[in-house]
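Chemist: Structure below; questions to follow.
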Amino acid sequence: MTNFPKKDMKKLTFIFLILFPMISQAQFSFDLQGHRGARGLMPENTIPAMIKALDLGVTTLELDLAVTKDGEIIVSHEPWMNPLICLTPEGAQIPAGDHGHNIYKMTFSEVLKYDCGSKTHSGFPKQVNFNVAKPKLADLFEAVEKYVKDFGLPQPNYNIEIKSQPDGDGIYHPVPRDFSDKVFQLINGRIDWERINIQSFDFRVLQYYHKTYPEVVLAMLVEDASKSSEQLHELGFQPQIYSPYFPKLTSEAVAAMHKKGMKVIPWTVNTTEQMEALLDMGVDGIITDYPNLAPKR
Ligand code: G3P
Ligand code: CA
């Protein structure tokens, strides 16, 4: 066995303890966002998906919110148990298209009984599957903040989506004012607002935040990147982030948004080639199910 002289050991310790973490923290020059954590690799919107994304060096965790009957804010893309990803408490399949397992009509302890991680996801064959329940947002924050502290990782930002739409008001979720206030109150004092942005497809939510909590950074979610003027007109103010579905995005559109002072962060970009092309257009960040495929630049 090689005996390292003391001063070489000191050098090695410096490289492993000081330089290595610095190298991994400086990995990305853009905002790499793990979509629903890292949906391509772990069950979506769960604590293990967030931890996986952190291990892969994301700068931001993207996640979606729903509310239970007893007022808990939980992390879920749909306000019902999605038949594609969840099994009933008895372990049975939920028929396709069934939106009857309504989270807004369940208590949190009922939500906990659903397994939303064991089913193989046909859209994500590399996803690791195991029994896991939808978490409370408060518990997710606690787990993530503890993990980065324990492992000396940088604190992530959170891109938090309030999932609502007019025909779901009072049926699948609270009205925008109540939903928005609840989310604000949960975050306030828990996580620094500098690390948070609120995103929504529901312009009512963005308008409410803009009016009530003007200091909160907002991202407008849109499907069609070729209609930004109409979208901004409809919203009625300029948010800090424009976040479109990526295929129709052009370098001209990115430059136009930058000229207005907005960042552009498209979703959901799942191949390295697509990410490279968008970064060449000048986007500020990428939202992806596969943070492991992000180019190192
Ligand atoms: O953050 C953008 C993206 O999450 C929007 O799409 O449907 O996955 O919430 P969705
Ligand atoms: Ca989302």
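Ligands are numbered from 1 in the order shown, chains are lettered A, B, ... in the order of the structure tokens, and residues start at 1 in each chain.
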Restrict the calculation to only C-alpha atoms, then for each residue of stretch 121-239 of chain A with any atom at most 9 Å from an atom of stretch 40-60 of chain A give the closest atom pair and their distance in Å to one decimal, rows by chain and rising residue number, as a tab-separated table.
Modeler:
```
residue	atom	partner	partner_atom	distance
A:His121	CA	A:Pro43	CA	8.6
A:Gly123	CA	A:Gly40	CA	8.4
A:Phe124	CA	A:Gly40	CA	5.3
A:Pro125	CA	A:Gly40	CA	7.7
A:Lys126	CA	A:Leu41	CA	5.7
A:Gln127	CA	A:Leu41	CA	4.0
A:Val128	CA	A:Met42	CA	5.3
A:Asn129	CA	A:Pro43	CA	6.6
A:Phe130	CA	A:Pro43	CA	8.0
A:Val132	CA	A:Thr46	CA	7.5
A:Ala133	CA	A:Thr46	CA	7.4
A:Lys134	CA	A:Thr46	CA	6.1
A:Pro135	CA	A:Thr46	CA	6.3
A:Asp139	CA	A:Ile47	CA	8.5
A:Leu140	CA	A:Ile47	CA	5.8
A:Phe141	CA	A:Ile47	CA	9.0
A:Ala143	CA	A:Ile47	CA	7.2
A:Val144	CA	A:Ile51	CA	6.8
A:Tyr147	CA	A:Ile51	CA	7.6
A:Val148	CA	A:Leu54	CA	7.9
A:Leu153	CA	A:Leu54	CA	8.0
A:Pro154	CA	A:Thr59	CA	8.1
A:Gln155	CA	A:Thr59	CA	8.1
A:Pro156	CA	A:Thr60	CA	5.2
A:Asn157	CA	A:Thr60	CA	4.4
A:Tyr158	CA	A:Thr60	CA	5.3
A:Asn159	CA	A:Thr60	CA	6.6
A:Arg195	CA	A:Thr60	CA	8.6
```
Chemist: Near A:Glu142, counting only C-alpha atoms, which residues have an atom at most 10 Å away, once you skip same-chain residues fewer than 6 positions from it, shown as a list in words?
Modeler: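 So, after excluding close chain neighbours, the residues are Ile47, Lys136, Arg190 and Ile191 of chain A.
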Chemist: With C-alpha atoms retained, write the just-selected residues as a PDB file, in the first residue's frame.
Modeler:
```
ATOM      1  CA  ILE A  47     -39.480  13.399  -2.313  1.00  0.00           C
ATOM      2  CA  LYS A 136     -47.186  17.424   1.739  1.00  0.00           C
ATOM      3  CA  ARG A 190     -40.197  28.661   5.579  1.00  0.00           C
ATOM      4  CA  ILE A 191     -38.206  29.227   2.402  1.00  0.00           C
TER       5      ILE A 191
END
```
Chemist: From the options A:Trp267, A:Trp80, A:Tyr290, A:Trp193, which residue's atoms come nearest to ligand 1, counting only C-alpha atoms and all ligand atoms?
Modeler: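 Closest to ligand 1, using only C-alpha atoms and all ligand atoms: A:Trp267.
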Chemist: Quick check, in Å to one decimal: how far apart do atom CA of A:Phe237 and atom CA of A:His210 lie?
Modeler: 8.3 Å
Chemist: Tell me, counting only C-alpha atoms and all ligand atoms, for each residue of chain A within 7 Å of ligand 1, which pair of atoms is nearest and how far apart they are in Å to one decimal, in rows ordered by chain and increasing number, as JSON lines.
Modeler:
```
{"residue": "A:His35", "atom": "CA", "partner": "ligand 1", "partner_atom_place_in_ligand_line": "4 (O)", "distance": 6.2}
{"residue": "A:Glu62", "atom": "CA", "partner": "ligand 1", "partner_atom_place_in_ligand_line": "1 (O)", "distance": 6.2}
{"residue": "A:Leu63", "atom": "CA", "partner": "ligand 1", "partner_atom_place_in_ligand_line": "4 (O)", "distance": 7.0}
{"residue": "A:Asp64", "atom": "CA", "partner": "ligand 1", "partner_atom_place_in_ligand_line": "9 (O)", "distance": 6.5}
{"residue": "A:His77", "atom": "CA", "partner": "ligand 1", "partner_atom_place_in_ligand_line": "9 (O)", "distance": 6.3}
{"residue": "A:Glu161", "atom": "CA", "partner": "ligand 1", "partner_atom_place_in_ligand_line": "1 (O)", "distance": 6.9}
{"residue": "A:Leu221", "atom": "CA", "partner": "ligand 1", "partner_atom_place_in_ligand_line": "2 (C)", "distance": 6.4}
{"residue": "A:Ser243", "atom": "CA", "partner": "ligand 1", "partner_atom_place_in_ligand_line": "2 (C)", "distance": 6.8}
{"residue": "A:Trp267", "atom": "CA", "partner": "ligand 1", "partner_atom_place_in_ligand_line": "2 (C)", "distance": 5.2}
{"residue": "A:Thr268", "atom": "CA", "partner": "ligand 1", "partner_atom_place_in_ligand_line": "3 (C)", "distance": 6.3}
{"residue": "A:Ile287", "atom": "CA", "partner": "ligand 1", "partner_atom_place_in_ligand_line": "1 (O)", "distance": 6.5}
```
Chemist: Calculate how many Å separate atom CA of A:Gln185 from atom CA of A:Tyr209, rounding to one decimal.
Modeler: 12.4 Å
Chemist: How would you write, as a PyMOL selection string, the set of residues in stretch 67-151 of chain A that DSSP gives as strand (DSSP E or B)?
Modeler: chain A and resi 67+73-75+80+87+93+102+115+136
Chemist: From the list A:Phe151, A:Phe108, A:Phe246, A:Tyr114, which residue is nearest A:Ala225 when using only C-alpha atoms?
Modeler: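 Among A:Phe151, A:Phe108, A:Phe246, A:Tyr114, it is A:Phe246 that comes nearest to A:Ala225.
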Chemist: Return as a ChimeraX atom specification the full set of residues in stretch 55-289 of chain A whose backbone-based DSSP assignment is alpha helix (DSSP H).
Modeler: /A:55,108-111,137-150,176-187,203-212,228-235,251-260,272-281
Chemist: Using C-alpha atoms, can you write the selected residues to a file as a short mmCIF file (atom, residue, chain, number, x, y, z; two decimals), in the first residue's frame?
Modeler:
```cif
data_model
loop_
_atom_site.label_atom_id
_atom_site.label_comp_id
_atom_site.auth_asym_id
_atom_site.auth_seq_id
_atom_site.Cartn_x
_atom_site.Cartn_y
_atom_site.Cartn_z
CA ASP A 55 -28.01 14.58 -6.94
CA PHE A 108 -54.50 13.85 3.82
CA SER A 109 -54.53 10.52 5.70
CA GLU A 110 -56.65 9.08 2.88
CA VAL A 111 -54.24 10.48 0.27
CA LEU A 137 -45.35 20.46 0.37
CA ALA A 138 -44.15 21.25 3.91
CA ASP A 139 -42.59 17.76 4.25
CA LEU A 140 -40.97 18.03 0.83
CA PHE A 141 -39.38 21.36 1.79
CA GLU A 142 -38.11 19.87 5.04
CA ALA A 143 -36.62 16.79 3.34
CA VAL A 144 -34.96 18.79 0.55
CA GLU A 145 -33.52 21.45 2.84
CA LYS A 146 -32.15 18.78 5.20
CA TYR A 147 -30.63 16.81 2.32
CA VAL A 148 -28.75 19.75 0.84
CA LYS A 149 -27.53 20.78 4.28
CA ASP A 150 -26.37 17.25 5.18
CA PRO A 176 -57.62 31.13 -7.02
CA ARG A 177 -57.62 33.64 -4.14
CA ASP A 178 -57.87 30.94 -1.45
CA PHE A 179 -55.46 28.56 -3.20
CA SER A 180 -52.92 31.37 -3.71
CA ASP A 181 -53.17 32.67 -0.12
CA LYS A 182 -52.73 29.16 1.27
CA VAL A 183 -49.60 28.58 -0.80
CA PHE A 184 -48.20 31.98 0.12
CA GLN A 185 -48.76 31.34 3.83
CA LEU A 186 -47.11 27.94 3.69
CA ILE A 187 -43.99 29.25 1.95
CA PHE A 203 -53.82 33.66 -15.36
CA ARG A 204 -56.26 34.36 -12.50
CA VAL A 205 -53.63 33.01 -10.09
CA LEU A 206 -50.85 35.12 -11.61
CA GLN A 207 -53.05 38.25 -11.59
CA TYR A 208 -53.94 37.65 -7.94
CA TYR A 209 -50.28 37.22 -6.94
CA HIS A 210 -49.26 40.27 -8.93
CA LYS A 211 -51.86 42.39 -7.13
CA THR A 212 -51.58 40.89 -3.63
CA SER A 228 -46.63 35.90 -26.75
CA SER A 229 -48.12 39.36 -27.53
CA GLU A 230 -51.70 38.11 -27.15
CA GLN A 231 -50.77 36.13 -24.03
CA LEU A 232 -49.12 39.13 -22.35
CA HIS A 233 -52.06 41.31 -23.31
CA GLU A 234 -54.48 38.81 -21.78
CA LEU A 235 -52.41 38.56 -18.59
CA SER A 251 -34.35 32.78 -31.18
CA GLU A 252 -36.29 35.89 -32.29
CA ALA A 253 -38.97 35.24 -29.68
CA VAL A 254 -36.33 34.69 -27.00
CA ALA A 255 -34.58 37.94 -27.98
CA ALA A 256 -37.90 39.83 -27.93
CA MET A 257 -38.64 38.60 -24.41
CA HIS A 258 -35.15 39.47 -23.24
CA LYS A 259 -35.61 42.97 -24.67
CA LYS A 260 -38.68 43.35 -22.47
CA THR A 272 -29.81 16.60 -25.08
CA GLU A 273 -30.15 17.77 -28.71
CA GLN A 274 -33.31 19.77 -27.95
CA MET A 275 -31.66 21.28 -24.88
CA GLU A 276 -28.56 22.25 -26.90
CA ALA A 277 -30.73 23.88 -29.60
CA LEU A 278 -32.71 25.90 -27.04
CA LEU A 279 -29.58 26.99 -25.19
CA ASP A 280 -28.16 28.15 -28.55
CA MET A 281 -31.34 30.25 -28.95
#
```
Chemist: Hey, can you check how far atom CA of A:His99 sits from atom CA of A:Asn197?
Modeler: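 A separation of 28.6 Å between them.
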Chemist: With only C-alpha atoms as the basis for distance, which of A:Asp115, A:Asp192, A:Glu78, A:Glu90 is at the shortest distance from A:Ile162?
Modeler: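 Smallest distance to A:Ile162 is found for A:Glu78.
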Chemist: Do you know which residues are at most 10 Å from A:Gln93 counting only C-alpha atoms, after dropping those on the same chain fewer than 5 positions away, and could you put them as a VMD selection string?
Modeler: chain A and resid 83 to 88 119
Chemist: Go ahead and dump the residues you just picked, N, CA and C atoms, as an mmCIF file, in the first residue's frame.
Modeler:
```cif
data_model
loop_
_atom_site.group_PDB
_atom_site.id
_atom_site.type_symbol
_atom_site.label_atom_id
_atom_site.label_comp_id
_atom_site.auth_asym_id
_atom_site.auth_seq_id
_atom_site.Cartn_x
_atom_site.Cartn_y
_atom_site.Cartn_z
ATOM 1 N N PRO A 83 -54.943 7.652 -12.870
ATOM 2 C CA PRO A 83 -54.917 6.211 -13.131
ATOM 3 C C PRO A 83 -53.585 5.725 -13.732
ATOM 4 N N LEU A 84 -52.873 6.641 -14.405
ATOM 5 C CA LEU A 84 -51.594 6.253 -15.028
ATOM 6 C C LEU A 84 -50.506 5.966 -14.002
ATOM 7 N N ILE A 85 -50.615 6.620 -12.840
ATOM 8 C CA ILE A 85 -49.497 6.476 -11.891
ATOM 9 C C ILE A 85 -49.889 5.976 -10.504
ATOM 10 N N CYS A 86 -51.196 5.928 -10.189
ATOM 11 C CA CYS A 86 -51.592 5.571 -8.818
ATOM 12 C C CYS A 86 -52.401 4.281 -8.751
ATOM 13 N N LEU A 87 -52.251 3.592 -7.621
ATOM 14 C CA LEU A 87 -53.077 2.419 -7.289
ATOM 15 C C LEU A 87 -53.925 2.782 -6.071
ATOM 16 N N THR A 88 -55.108 2.177 -5.968
ATOM 17 C CA THR A 88 -55.991 2.462 -4.828
ATOM 18 C C THR A 88 -55.355 1.922 -3.532
ATOM 19 N N LYS A 119 -46.437 1.710 -10.062
ATOM 20 C CA LYS A 119 -46.833 1.375 -11.444
ATOM 21 C C LYS A 119 -45.747 1.768 -12.436
#
```
